[in-house]
file run_12.cif (mmCIF, C-alpha atoms)
data_start
loop_
_atom_site.label_atom_id
_atom_site.label_comp_id
_atom_site.auth_asym_id
_atom_site.auth_seq_id
_atom_site.Cartn_x
_atom_site.Cartn_y
_atom_site.Cartn_z
CA MET A 1 168.60 77.69 76.18
CA THR A 2 167.10 78.22 72.75
CA TYR A 3 164.24 80.10 74.37
CA CYS A 4 166.67 82.44 76.15
CA ALA A 5 168.70 83.00 73.00
CA THR A 6 165.54 83.78 71.01
CA ASN A 7 164.31 86.16 73.69
CA SER A 8 167.66 87.88 73.83
CA THR A 9 167.67 88.32 70.04
CA VAL A 10 164.16 89.79 70.13
CA TYR A 11 165.23 92.11 72.93
CA ASP A 12 168.30 93.23 70.98
CA MET A 13 166.21 93.76 67.85
CA GLY A 14 163.71 95.78 69.86
CA ASN A 15 166.51 97.86 71.30
CA GLU A 16 168.02 98.37 67.86
CA VAL A 17 164.66 99.46 66.44
CA THR A 18 164.12 101.87 69.34
CA PHE A 19 167.65 103.24 68.97
CA ASN A 20 167.18 103.76 65.22
CA LYS A 21 163.88 105.57 65.77
CA LEU A 22 165.26 107.84 68.47
CA GLU A 23 168.44 108.55 66.53
CA LEU A 24 166.32 109.45 63.50
CA GLU A 25 164.38 111.92 65.65
CA LEU A 26 167.63 113.46 66.87
CA ARG A 27 168.89 113.82 63.32
CA ARG A 28 165.58 115.29 62.13
CA GLY A 29 166.05 118.04 64.66
CA VAL A 30 169.36 119.16 63.19
CA VAL A 31 168.85 118.53 59.46
CA VAL A 32 167.51 122.04 58.78
CA LEU A 33 170.29 123.75 60.73
CA ALA A 34 172.95 121.61 59.07
CA THR A 35 171.52 122.40 55.64
CA LEU A 36 171.25 126.14 56.26
CA SER A 37 174.82 126.19 57.60
CA GLN A 38 176.15 124.98 54.25
CA LEU A 39 174.21 127.43 52.14
CA ARG A 40 175.96 130.66 53.02
CA ALA A 41 177.37 130.32 49.50
CA PRO A 42 175.27 128.98 46.59
CA ARG A 43 175.28 125.20 46.20
CA TYR A 44 173.25 122.74 44.16
CA GLY A 45 171.61 119.69 45.68
CA TYR A 46 174.20 117.01 45.04
CA GLU A 47 177.09 119.35 45.92
CA LEU A 48 175.37 120.26 49.19
CA ARG A 49 174.84 116.60 50.07
CA GLN A 50 178.52 115.91 49.46
CA ALA A 51 179.54 118.92 51.57
CA LEU A 52 177.36 117.72 54.46
CA ALA A 53 178.64 114.14 54.17
CA ASP A 54 182.26 115.33 54.05
CA ARG A 55 181.66 117.17 57.35
CA GLY A 56 180.17 114.11 59.03
CA MET A 57 176.48 114.84 58.50
CA PRO A 58 175.24 112.54 55.73
CA ILE A 59 171.61 113.27 54.86
CA GLU A 60 169.59 110.95 52.65
CA GLU A 61 169.01 112.39 49.22
CA GLY A 62 165.28 111.64 49.45
CA THR A 63 165.16 113.91 52.48
CA LEU A 64 167.55 116.67 51.45
CA TYR A 65 166.35 117.55 47.94
CA PRO A 66 162.67 118.04 48.89
CA LEU A 67 163.81 119.96 51.99
CA LEU A 68 165.55 122.55 49.80
CA ARG A 69 162.31 123.24 47.98
CA ARG A 70 160.35 123.46 51.22
CA LEU A 71 162.83 125.91 52.72
CA GLU A 72 162.60 127.99 49.57
CA THR A 73 158.79 127.98 49.80
CA GLN A 74 159.10 129.08 53.44
CA GLY A 75 161.10 132.09 52.25
CA VAL A 76 164.52 131.40 53.76
CA LEU A 77 166.34 130.26 50.61
CA LYS A 78 166.68 131.75 47.14
CA SER A 79 167.57 129.72 44.09
CA GLU A 80 168.42 130.06 40.43
CA TRP A 81 169.32 127.86 37.49
CA LYS A 82 172.95 128.19 36.43
CA ILE A 83 175.41 126.45 34.16
CA GLU A 84 178.90 126.35 35.63
CA GLU A 85 180.39 122.93 34.87
CA GLY A 86 178.23 120.34 33.16
CA PRO A 87 174.46 120.46 32.89
CA PRO A 88 172.19 123.25 34.21
CA ARG A 89 171.79 123.05 38.01
CA ARG A 90 169.61 124.81 40.49
CA TYR A 91 171.75 126.63 43.05
CA TYR A 92 170.37 127.41 46.49
CA SER A 93 171.65 129.96 49.00
CA LEU A 94 170.43 131.81 52.09
CA ASN A 95 168.50 135.03 51.58
CA ALA A 96 168.38 137.78 54.22
CA ASP A 97 165.67 136.00 56.23
CA GLY A 98 167.58 132.75 55.95
CA ARG A 99 170.73 134.35 57.36
CA LYS A 100 168.74 135.71 60.32
CA LEU A 101 167.16 132.30 60.85
CA LEU A 102 170.55 130.59 60.70
CA LYS A 103 171.91 132.99 63.33
CA LYS A 104 168.98 132.38 65.68
CA LEU A 105 169.01 128.62 65.19
CA THR A 106 172.79 128.53 65.72
CA ASP A 107 172.47 130.42 69.02
CA SER A 108 169.67 128.14 70.08
CA TRP A 109 171.61 125.02 69.09
CA GLN A 110 174.72 126.17 70.94
CA GLY A 111 172.67 126.82 74.07
CA MET A 112 171.11 123.36 73.88
CA ASN A 113 174.46 121.77 73.08
CA ASP A 114 176.06 123.37 76.16
CA ALA A 115 173.14 122.26 78.32
CA MET A 116 173.28 118.73 76.94
CA GLY A 117 177.04 118.69 77.51
CA ARG A 118 176.48 119.53 81.16
CA LEU A 119 173.62 117.01 81.46
CA LEU A 120 175.53 114.17 79.88
CA LYS A 121 178.80 114.84 81.70
CA GLU A 122 179.46 111.96 84.08
CA ASP A 123 179.91 112.98 87.70
CA MET B 1 163.68 99.47 31.09
CA ASN B 2 167.16 100.90 31.23
CA ALA B 3 168.48 103.19 34.00
CA ASN B 4 167.33 106.39 32.27
CA ASP B 5 163.83 105.01 31.67
CA LEU B 6 163.58 104.05 35.33
CA ILE B 7 164.64 107.51 36.47
CA ASP B 8 162.21 109.19 34.04
CA ALA B 9 159.34 106.98 35.24
CA TYR B 10 160.21 107.70 38.88
CA VAL B 11 160.51 111.45 38.33
CA ALA B 12 157.18 111.50 36.50
CA ASP B 13 155.48 109.66 39.38
CA VAL B 14 156.83 112.17 41.89
CA ALA B 15 156.21 115.30 39.84
CA VAL B 16 152.64 114.46 38.89
CA GLN B 17 151.68 114.79 42.58
CA LEU B 18 153.11 118.30 42.88
CA PRO B 19 151.36 121.61 42.18
CA ARG B 20 151.33 122.34 38.46
CA ARG B 21 153.35 125.55 38.80
CA GLN B 22 156.42 123.76 40.24
CA ARG B 23 155.96 120.33 38.64
CA ASN B 24 158.20 120.68 35.59
CA ASP B 25 160.91 122.57 37.41
CA VAL B 26 161.15 119.98 40.19
CA ALA B 27 161.09 117.17 37.62
CA PHE B 28 163.98 118.71 35.71
CA GLU B 29 166.04 119.22 38.87
CA LEU B 30 165.21 115.80 40.36
CA ARG B 31 166.15 114.01 37.15
CA ALA B 32 169.51 115.78 37.06
CA LEU B 33 170.18 115.06 40.74
CA LEU B 34 169.26 111.38 40.41
CA GLY B 35 171.56 111.19 37.36
CA GLU B 36 174.41 112.57 39.44
CA GLU B 37 173.66 110.23 42.33
CA LEU B 38 173.61 107.28 39.95
CA GLN B 39 176.92 108.29 38.40
CA ALA B 40 178.47 108.66 41.85
CA LYS B 41 177.19 105.19 42.79
CA SER B 42 178.72 103.78 39.63
CA ASP B 43 182.05 105.47 40.35
CA VAL B 44 182.15 104.05 43.88
CA SER B 45 181.22 100.51 42.81
CA GLY B 46 183.55 100.54 39.81
CA ARG B 47 180.94 99.17 37.40
CA GLY B 48 178.92 100.87 34.73
CA VAL B 49 175.46 102.33 35.31
CA ASP B 50 172.75 99.71 34.83
CA ALA B 51 169.06 99.19 35.58
CA ALA B 52 169.72 97.22 38.79
CA MET B 53 171.83 100.05 40.16
CA ALA B 54 169.15 102.58 39.25
CA ARG B 55 166.47 100.47 40.94
CA GLU B 56 168.56 100.29 44.11
CA LEU B 57 169.11 104.05 44.08
CA LEU B 58 165.41 104.78 43.60
CA ARG B 59 164.40 102.29 46.28
CA ASP B 60 166.72 104.05 48.74
CA PHE B 61 165.39 107.43 47.64
CA GLY B 62 161.91 106.44 48.75
CA HIS B 63 158.51 105.66 47.26
CA PRO B 64 157.39 108.41 44.84
CA ASP B 65 154.30 109.08 46.99
CA VAL B 66 156.45 109.62 50.08
CA VAL B 67 158.96 111.80 48.25
CA ALA B 68 156.17 113.91 46.74
CA ILE B 69 154.78 114.52 50.23
CA ARG B 70 158.21 115.74 51.35
CA TYR B 71 158.18 118.39 48.64
CA ARG B 72 154.99 119.94 49.97
CA PRO B 73 154.08 121.52 53.27
CA VAL B 74 152.42 119.07 55.65
CA PHE B 75 148.70 118.79 54.89
CA THR B 76 146.61 117.49 57.78
CA ILE B 77 142.90 116.79 57.50
CA ILE B 78 142.43 115.60 61.09
CA ASP B 79 144.81 116.96 63.71
CA PRO B 80 146.90 114.24 65.38
CA ALA B 81 145.48 115.49 68.69
CA ASP B 82 141.97 114.60 67.42
CA GLY B 83 142.94 111.20 66.01
CA HIS B 84 141.93 109.25 69.10
CA HIS B 85 138.62 111.13 69.48
CA PHE B 86 137.84 110.56 65.81
CA PHE B 87 138.55 106.84 66.06
CA GLN B 88 136.51 106.50 69.24
CA ALA B 89 133.52 108.45 67.88
CA ALA B 90 133.62 106.53 64.59
CA LEU B 91 133.76 103.17 66.34
CA ILE B 92 131.00 103.91 68.88
CA GLY B 93 128.75 105.51 66.26
CA LEU B 94 129.15 102.58 63.87
CA ALA B 95 128.50 100.09 66.67
CA VAL B 96 125.26 101.91 67.60
CA ILE B 97 124.08 102.17 63.97
CA TRP B 98 124.89 98.52 63.24
CA GLY B 99 123.31 97.39 66.51
CA LEU B 100 120.07 99.32 65.88
CA GLY B 101 120.02 98.02 62.30
CA ALA B 102 120.42 94.44 63.55
CA LEU B 103 117.64 94.98 66.11
CA ALA B 104 115.35 96.29 63.38
CA GLN B 105 116.04 93.16 61.31
CA LEU B 106 115.38 90.92 64.30
CA GLN B 107 111.87 92.39 64.53
CA GLN B 108 111.08 90.52 61.31
CA PRO B 109 110.22 86.81 61.70
CA ILE B 110 113.24 84.60 61.00
CA GLU B 111 112.05 81.03 60.65
CA SER B 112 114.58 79.45 58.31
CA GLY B 113 118.15 79.70 57.10
CA SER B 114 117.07 81.59 54.00
CA ASP B 115 115.20 84.13 56.17
CA LEU B 116 118.42 84.67 58.10
CA VAL B 117 120.43 85.13 54.90
CA LEU B 118 117.82 87.59 53.62
CA ALA B 119 117.89 89.52 56.92
CA LEU B 120 121.69 89.62 56.79
CA GLY B 121 121.51 90.86 53.20
CA ARG B 122 119.07 93.62 54.19
CA TRP B 123 121.30 94.52 57.16
CA TRP B 124 124.36 94.62 54.89
CA GLY B 125 122.73 96.78 52.24
CA GLY B 126 120.45 98.88 54.41
CA THR B 127 122.60 99.44 57.48
CA LEU B 128 126.24 98.51 57.00
CA ILE B 129 126.90 100.23 53.67
CA SER B 130 124.75 103.26 54.39
CA SER B 131 126.37 103.69 57.82
CA LEU B 132 129.50 104.98 56.11
CA TRP B 133 127.93 108.44 56.20
CA TRP B 134 128.92 108.53 59.88
CA PRO B 135 132.74 108.39 59.49
CA GLY B 136 132.35 110.77 56.53
CA ALA B 137 130.44 113.28 58.68
CA LEU B 138 133.07 112.92 61.41
CA VAL B 139 135.89 113.64 58.95
CA ALA B 140 134.07 116.79 57.84
CA TRP B 141 133.49 117.82 61.48
CA PHE B 142 137.07 117.24 62.65
CA ALA B 143 138.52 118.80 59.50
CA THR B 144 136.42 121.92 60.10
CA ALA B 145 137.46 121.99 63.78
CA SER B 146 141.11 121.66 62.77
CA TRP B 147 140.78 124.45 60.19
CA VAL B 148 139.07 126.75 62.71
CA ARG B 149 141.86 126.11 65.23
CA ARG B 150 144.53 126.94 62.66
CA ARG B 151 142.66 130.00 61.40
CA TRP B 152 141.80 131.36 64.87
CA PRO B 153 144.33 129.80 67.28
CA SER B 154 142.72 131.44 70.31
CA THR B 155 139.63 129.22 69.85
CA GLY B 156 141.75 126.14 70.50
CA GLU B 157 143.16 127.40 73.79
CA TRP B 158 142.52 125.25 76.81
CA GLN B 159 139.83 126.57 79.13
CA PRO B 160 139.88 125.32 82.73
CA ARG B 161 136.62 123.73 83.85
CA ALA B 162 135.95 123.17 87.52
CA LYS B 163 135.19 119.54 88.31
CA ASP B 164 132.24 120.50 90.53
CA ARG B 165 130.75 123.10 88.18
CA ILE B 166 127.03 123.13 87.37
CA THR B 167 126.67 122.31 83.68
CA GLY B 168 124.78 125.22 82.15
CA GLY B 169 124.94 127.20 85.39
CA ARG B 170 122.16 128.02 87.85
CA ALA B 171 119.75 128.84 85.01
CA ALA B 172 120.01 125.26 83.72
CA LEU B 173 119.46 124.00 87.25
CA LEU B 174 116.29 126.11 87.58
CA MET B 175 115.04 124.77 84.28
CA GLY B 176 115.83 121.25 85.49
CA MET B 177 113.82 121.83 88.66
CA PHE B 178 110.92 123.20 86.63
CA GLY B 179 111.09 120.09 84.44
CA ILE B 180 110.99 117.80 87.46
CA VAL B 181 108.00 119.64 88.96
CA LEU B 182 106.21 119.36 85.62
CA GLY B 183 107.14 115.65 85.49
CA LEU B 184 105.75 115.16 88.99
CA CYS B 185 102.45 116.83 88.02
CA ILE B 186 102.15 114.61 84.93
CA LEU B 187 103.11 111.55 86.93
CA PHE B 188 100.52 112.42 89.57
CA GLU B 189 97.71 112.95 87.13
CA PRO B 190 98.47 112.82 83.37
CA ARG B 191 94.86 113.62 82.51
CA GLY B 192 95.53 117.05 83.98
CA LEU B 193 97.33 117.80 80.70
CA LEU B 194 94.05 117.32 78.84
CA ASN B 195 92.19 119.69 81.15
CA LEU B 196 94.94 122.22 80.56
CA PHE B 197 94.41 122.23 76.78
CA TRP B 198 90.74 121.34 76.54
CA ALA B 199 88.85 123.27 79.18
CA ARG B 200 85.48 121.79 78.11
CA GLY B 201 86.78 118.27 78.51
CA ALA B 202 88.74 116.04 76.16
CA ALA B 203 87.43 113.10 74.15
CA PRO B 204 86.82 109.96 76.27
CA ALA B 205 89.38 108.04 74.17
CA ALA B 206 92.06 110.60 75.06
CA VAL B 207 91.11 110.39 78.74
CA ASP B 208 91.34 106.59 78.60
CA ALA B 209 94.72 106.80 76.90
CA LEU B 210 96.11 108.73 79.86
CA THR B 211 94.49 106.69 82.63
CA TYR B 212 96.85 104.68 84.83
CA THR B 213 96.11 101.15 85.85
CA GLU B 214 95.44 100.84 89.56
CA ALA B 215 98.36 98.41 89.93
CA PHE B 216 100.86 100.93 88.49
CA ARG B 217 99.47 103.78 90.55
CA GLN B 218 99.86 101.82 93.77
CA ARG B 219 103.23 100.20 93.04
CA GLN B 220 105.77 101.77 90.69
CA GLY B 221 103.91 105.07 90.39
CA THR B 222 104.36 105.85 94.07
CA TRP B 223 108.04 104.89 93.99
CA LEU B 224 108.72 106.97 90.89
CA PHE B 225 106.93 109.95 92.43
CA VAL B 226 108.97 109.78 95.65
CA LEU B 227 112.29 109.27 93.85
CA LEU B 228 111.63 112.14 91.45
CA LEU B 229 110.58 114.34 94.35
CA LEU B 230 113.88 113.61 96.12
CA ASN B 231 115.72 115.28 93.20
CA ILE B 232 114.35 118.66 94.28
CA PRO B 233 116.25 118.98 97.62
CA ILE B 234 119.46 117.82 95.90
CA MET B 235 119.06 120.44 93.19
CA VAL B 236 118.17 123.12 95.74
CA GLY B 237 121.35 122.20 97.65
CA VAL B 238 123.46 122.54 94.50
CA PHE B 239 121.69 125.80 93.61
CA ILE B 240 122.44 127.34 97.01
CA ARG B 241 126.09 126.20 97.06
CA GLY B 242 126.66 127.16 93.44
CA HIS B 243 128.53 123.92 92.78
CA TRP B 244 128.31 120.17 93.26
CA THR B 245 129.79 118.55 96.36
CA PRO B 246 131.00 114.92 96.43
CA GLY B 247 128.12 114.01 98.76
CA LEU B 248 125.48 115.56 96.49
CA ARG B 249 127.08 113.85 93.49
CA ARG B 250 126.84 110.48 95.21
CA LEU B 251 123.22 111.11 96.17
CA ASP B 252 122.41 112.16 92.60
CA LEU B 253 124.08 109.04 91.22
CA ALA B 254 122.27 106.75 93.65
CA LEU B 255 118.95 108.42 92.92
CA GLY B 256 119.48 108.21 89.18
CA LEU B 257 120.25 104.49 89.38
CA LEU B 258 117.22 103.89 91.60
CA VAL B 259 114.96 105.71 89.12
CA CYS B 260 116.39 103.54 86.31
CA ALA B 261 115.77 100.40 88.37
CA VAL B 262 112.14 101.37 89.09
CA MET B 263 111.58 102.25 85.42
CA ALA B 264 113.04 98.87 84.40
CA TRP B 265 110.67 97.21 86.90
CA THR B 266 107.79 99.20 85.36
CA VAL B 267 108.71 98.12 81.83
CA LEU B 268 108.91 94.46 82.84
CA ASP B 269 105.84 94.51 85.08
CA GLY B 270 102.18 94.85 84.11
CA PRO B 271 100.58 97.67 82.11
CA VAL B 272 101.05 101.34 83.06
CA PHE B 273 98.04 102.68 81.14
CA VAL B 274 94.73 101.01 80.58
CA THR B 275 95.02 101.23 76.81
CA ALA B 276 97.62 99.07 75.05
CA VAL B 277 98.95 101.76 72.67
CA SER B 278 99.66 104.27 75.47
CA ASP B 279 101.21 101.51 77.53
CA GLN B 280 103.57 100.45 74.71
CA THR B 281 104.51 104.09 74.03
CA ILE B 282 105.33 104.95 77.65
CA LYS B 283 107.35 101.76 78.04
CA ALA B 284 109.33 102.52 74.88
CA VAL B 285 110.00 106.04 76.20
CA MET B 286 111.08 104.61 79.56
CA LEU B 287 113.44 102.17 77.82
CA ILE B 288 115.03 105.04 75.90
CA ILE B 289 115.40 107.06 79.13
CA ILE B 290 117.00 104.07 80.90
CA VAL B 291 119.48 103.48 78.06
CA CYS B 292 120.38 107.21 77.79
CA ALA B 293 120.78 107.55 81.57
CA LEU B 294 122.96 104.44 81.84
CA VAL B 295 125.08 105.48 78.85
CA ALA B 296 125.53 108.94 80.39
CA ARG B 297 126.56 107.39 83.73
CA GLY B 298 128.90 105.01 81.88
CA ILE B 299 130.55 107.90 80.05
CA GLN B 300 130.85 109.81 83.34
CA TYR B 301 132.53 106.80 84.95
CA TYR B 302 134.83 106.24 81.96
CA ARG B 303 135.91 109.89 81.97
CA SER B 304 136.46 110.08 85.72
CA VAL B 305 140.05 110.66 86.87
CA THR B 306 141.33 109.86 90.34
CA PRO B 307 145.01 110.78 90.64
CA MET B 308 146.79 107.89 92.39
CA PRO B 309 149.91 105.80 91.73
CA ASP B 310 149.58 102.40 90.01
CA THR B 311 151.84 100.70 92.53
CA PRO B 312 152.21 101.24 96.29
CA VAL B 313 154.50 104.15 97.15
CA GLN B 314 157.62 103.03 99.02
CA ALA B 315 158.77 105.25 101.85
CA GLN B 316 162.40 106.28 101.41
CA GLY B 317 164.71 103.76 103.12
CA SER B 318 162.05 101.03 103.40
CA HIS B 319 162.18 97.81 101.30
#
call {"tool": "encode", "arguments": {"input": "run_12.cif", "output": "structure tokens"}}
result
Amino acid sequence: MTYCATNSTVYDMGNEVTFNKLELELRRGVVVLATLSQLRAPRYGYELRQALADRGMPIEEGTLYPLLRRLETQGVLKSEWKIEEGPPRRYYSLNADGRKLLKKLTDSWQGMNDAMGRLLKED
Amino acid sequence: MNANDLIDAYVADVAVQLPRRQRNDVAFELRALLGEELQAKSDVSGRGVDAAMARELLRDFGHPDVVAIRYRPVFTIIDPADGHHFFQAALIGLAVIWGLGALAQLQQPIESGSDLVLALGRWWGGTLISSLWWPGALVAWFATASWVRRRWPSTGEWQPRAKDRITGGRAALLMGMFGIVLGLCILFEPRGLLNLFWARGAAPAAVDALTYTEAFRQRQGTWLFVLLLLNIPIMVGVFIRGHWTPGLRRLDLALGLLVCAVMAWTVLDGPVFVTAVSDQTIKAVMLIIIVCALVARGIQYYRSVTPMPDTPVQAQGSH
């Protein structure tokens, strides 16, 4: 009995670990699109994280803040230091290339989303 | 350390790993963002900012090394696709180097425990430590290959290779046949080499060095000659067809293994040449040939692929 219970716990833990890994991979795939979607208007890091979380897409701060810099290095975001309320903050927004990229990624995402909808629909 | 000190230390550890031109800017931004995150955490929990809260925040944020990596584009020394090959080559190479080093130490007389410790010490210092050049060379090789593939992507494209192709083409096959004919001539009469280079006759010592014992000539020599000779029709067959056939492959394999067996018999049996030095040399060469041939066959077997299912295929409707 104990053996079965232990095995079952191990199996559940294994399943949980597998689920977490696969879910993380799914989320990784959409993090960039989600981020770009919220940068049509300038936002600073913390504000962007809040905006994403408010819309049901919480992204860890340790992932999001470096991502902004990487996207800027890749030439799809522009940024500048500004003081609006409180301390100076670096505001990020899409540049022309970023807007084009967002459009293409959105089309691609919608195509995949439709396909996945059809695939996952129960007969 | 209070909360601010912790954040400053964390930011410094991240920023120091970034390129100098963006280091200060990222540090300034990251410190401000962490300050805001900490304040938000304090607001949610309803207690003031303290060191424990800051530690928790920074732990969740990630190790500074990991966060610093996220700020930079991915830097790969060895392509993930090469990881397995690198590991395999490193492991096999080290095993060979360590094995040869151990063999060299075993040549020395080991008569007591202290001799063994000394031999181990020599093996450790002379072989084990110095063998690290091998993984280092492999890193340099794979890193260069990875760079070349990124720089000129067309070089990394897959090229189909027919399973039955002749390695090196017909030219290589011709050269192989020439080599076997030469080998047969030497096997038949090695002293012929001397006549080739010294028309007036070589020194008697040189002639002795290349004189077979009668026992070898009558036993293994004949077998080796016949087996080597049999390679010629196989190679001619491959040359005419322009590719290997399964039957010719099997014949080649069988012949190769037979040659190895006869060479092993030669090494273990009596002398090949009448002089001891020549005899030891030819036996050492034969041993090397046997090992290389068997390793090559082993690699061939290991790399062979026969598409077939792991479990029996059930016909639809049957149970």
call {"tool": "interface_residues", "arguments": {"input": "run_12.cif", "of": "chain B", "to": "chain A", "cutoff": "6 Å", "atoms": "all atoms listed in the file", "output": "ChimeraX atom specification"}}
result
/B:61,70-71
call {"tool": "atom_distance", "arguments": {"input": "run_12.cif", "atom1": "atom CA of A:Thr35", "atom2": "atom CA of B:Leu6"}}
result
28.5 Å
call {"tool": "closest_residue", "arguments": {"input": "run_12.cif", "among": "A:Arg43, A:Lys78, A:Arg118, A:Arg28", "to": "A:Arg99", "atoms": "all atoms listed in the file"}}
result
A:Lys78
call {"tool": "closest_residue", "arguments": {"input": "run_12.cif", "among": "B:Ala3, B:Ala254, B:Ile69, B:Val26", "to": "B:Gly48", "atoms": "all atoms listed in the file"}}
result
B:Ala3
call {"tool": "resolve_selection", "arguments": {"input": "run_12.cif", "expression": "the PyMOL selection byres ((chain B and resi 128-141) around 9)", "output": "count of residues only"}}
result
22
call {"tool": "resolve_selection", "arguments": {"input": "run_12.cif", "expression": "the PyMOL selection byres ((chain B and resi 4) around 9)", "output": "ChimeraX atom specification"}}
result
/B:1-3,5-9,35,50-51,54
call {"tool": "atom_distance", "arguments": {"input": "run_12.cif", "atom1": "atom CA of A:Leu24", "atom2": "atom CA of A:Leu52"}}
result
16.5 Å
call {"tool": "resolve_selection", "arguments": {"input": "run_12.cif", "expression": "the PyMOL selection byres ((chain B and resi 153-168) around 12)", "output": "count of residues only"}}
result
38
call {"tool": "atom_distance", "arguments": {"input": "run_12.cif", "atom1": "atom CA of B:Gly270", "atom2": "atom CA of B:Phe225"}}
result
17.9 Å
call {"tool": "closest_residue", "arguments": {"input": "run_12.cif", "among": "B:Leu106, B:Leu253, B:Val207, B:Val267", "to": "B:Tyr301", "atoms": "all atoms listed in the file"}}
result
B:Leu253
call {"tool": "residues_around", "arguments": {"input": "run_12.cif", "residues": "stretch 112-117 of chain A", "least_positions_apart": "6", "cutoff": "12 Å", "atoms": "all atoms listed in the file", "output": "list in words"}}
result
Gly29, Val30, Leu105 and Thr106 of chain A
call {"tool": "residues_around", "arguments": {"input": "run_12.cif", "residues": "stretch 108-110 of chain B", "least_positions_apart": "6", "cutoff": "12 Å", "atoms": "all atoms listed in the file", "output": "list in words"}}
result
Gly101, Ala102, Leu116, Val117, Leu118, Ala119, Leu120, Arg122 and Trp123 of chain B
call {"tool": "closest_residue", "arguments": {"input": "run_12.cif", "among": "A:Leu26, A:Leu119, A:Leu36, A:Ile59", "to": "A:Asp97", "atoms": "all atoms listed in the file"}}
result
A:Leu36
call {"tool": "closest_residue", "arguments": {"input": "run_12.cif", "among": "B:Leu257, B:Val14, B:Leu230, B:Met308", "to": "B:Ala296", "atoms": "all atoms listed in the file"}}
result
B:Leu257
call {"tool": "closest_residue", "arguments": {"input": "run_12.cif", "among": "A:Lys121, A:Glu85, A:Tyr92, A:Ser79", "to": "A:Leu48", "atoms": "only C-alpha atoms"}}
result
A:Tyr92
call {"tool": "decode", "arguments": {"input": "run_12.cif", "residues": "stretch 8-33 of chain A", "atoms": "C-alpha atoms", "output": "short mmCIF file (atom, residue, chain, number, x, y, z; two decimals), in the first residue's frame"}}
result
data_model
loop_
_atom_site.label_atom_id
_atom_site.label_comp_id
_atom_site.auth_asym_id
_atom_site.auth_seq_id
_atom_site.Cartn_x
_atom_site.Cartn_y
_atom_site.Cartn_z
CA SER A 8 1.78 7.34 -7.29
CA THR A 9 3.34 10.42 -5.65
CA VAL A 10 6.49 10.03 -7.75
CA TYR A 11 4.35 9.65 -10.86
CA ASP A 12 2.35 12.78 -10.00
CA MET A 13 5.54 14.71 -9.29
CA GLY A 14 6.98 13.55 -12.61
CA ASN A 15 3.83 14.62 -14.38
CA GLU A 16 3.87 17.98 -12.61
CA VAL A 17 7.52 18.54 -13.57
CA THR A 18 6.79 17.60 -17.20
CA PHE A 19 3.73 19.85 -17.26
CA ASN A 20 5.71 22.78 -15.83
CA LYS A 21 8.48 22.32 -18.39
CA LEU A 22 6.09 22.09 -21.32
CA GLU A 23 3.99 25.01 -20.11
CA LEU A 24 7.17 27.07 -19.76
CA GLU A 25 8.04 26.25 -23.38
CA LEU A 26 4.57 27.33 -24.48
CA ARG A 27 4.89 30.60 -22.60
CA ARG A 28 8.38 31.22 -23.99
CA GLY A 29 6.90 31.09 -27.44
CA VAL A 30 4.49 33.94 -26.77
CA VAL A 31 6.50 36.18 -24.43
CA VAL A 32 7.98 38.27 -27.25
CA LEU A 33 4.64 38.74 -29.00
#
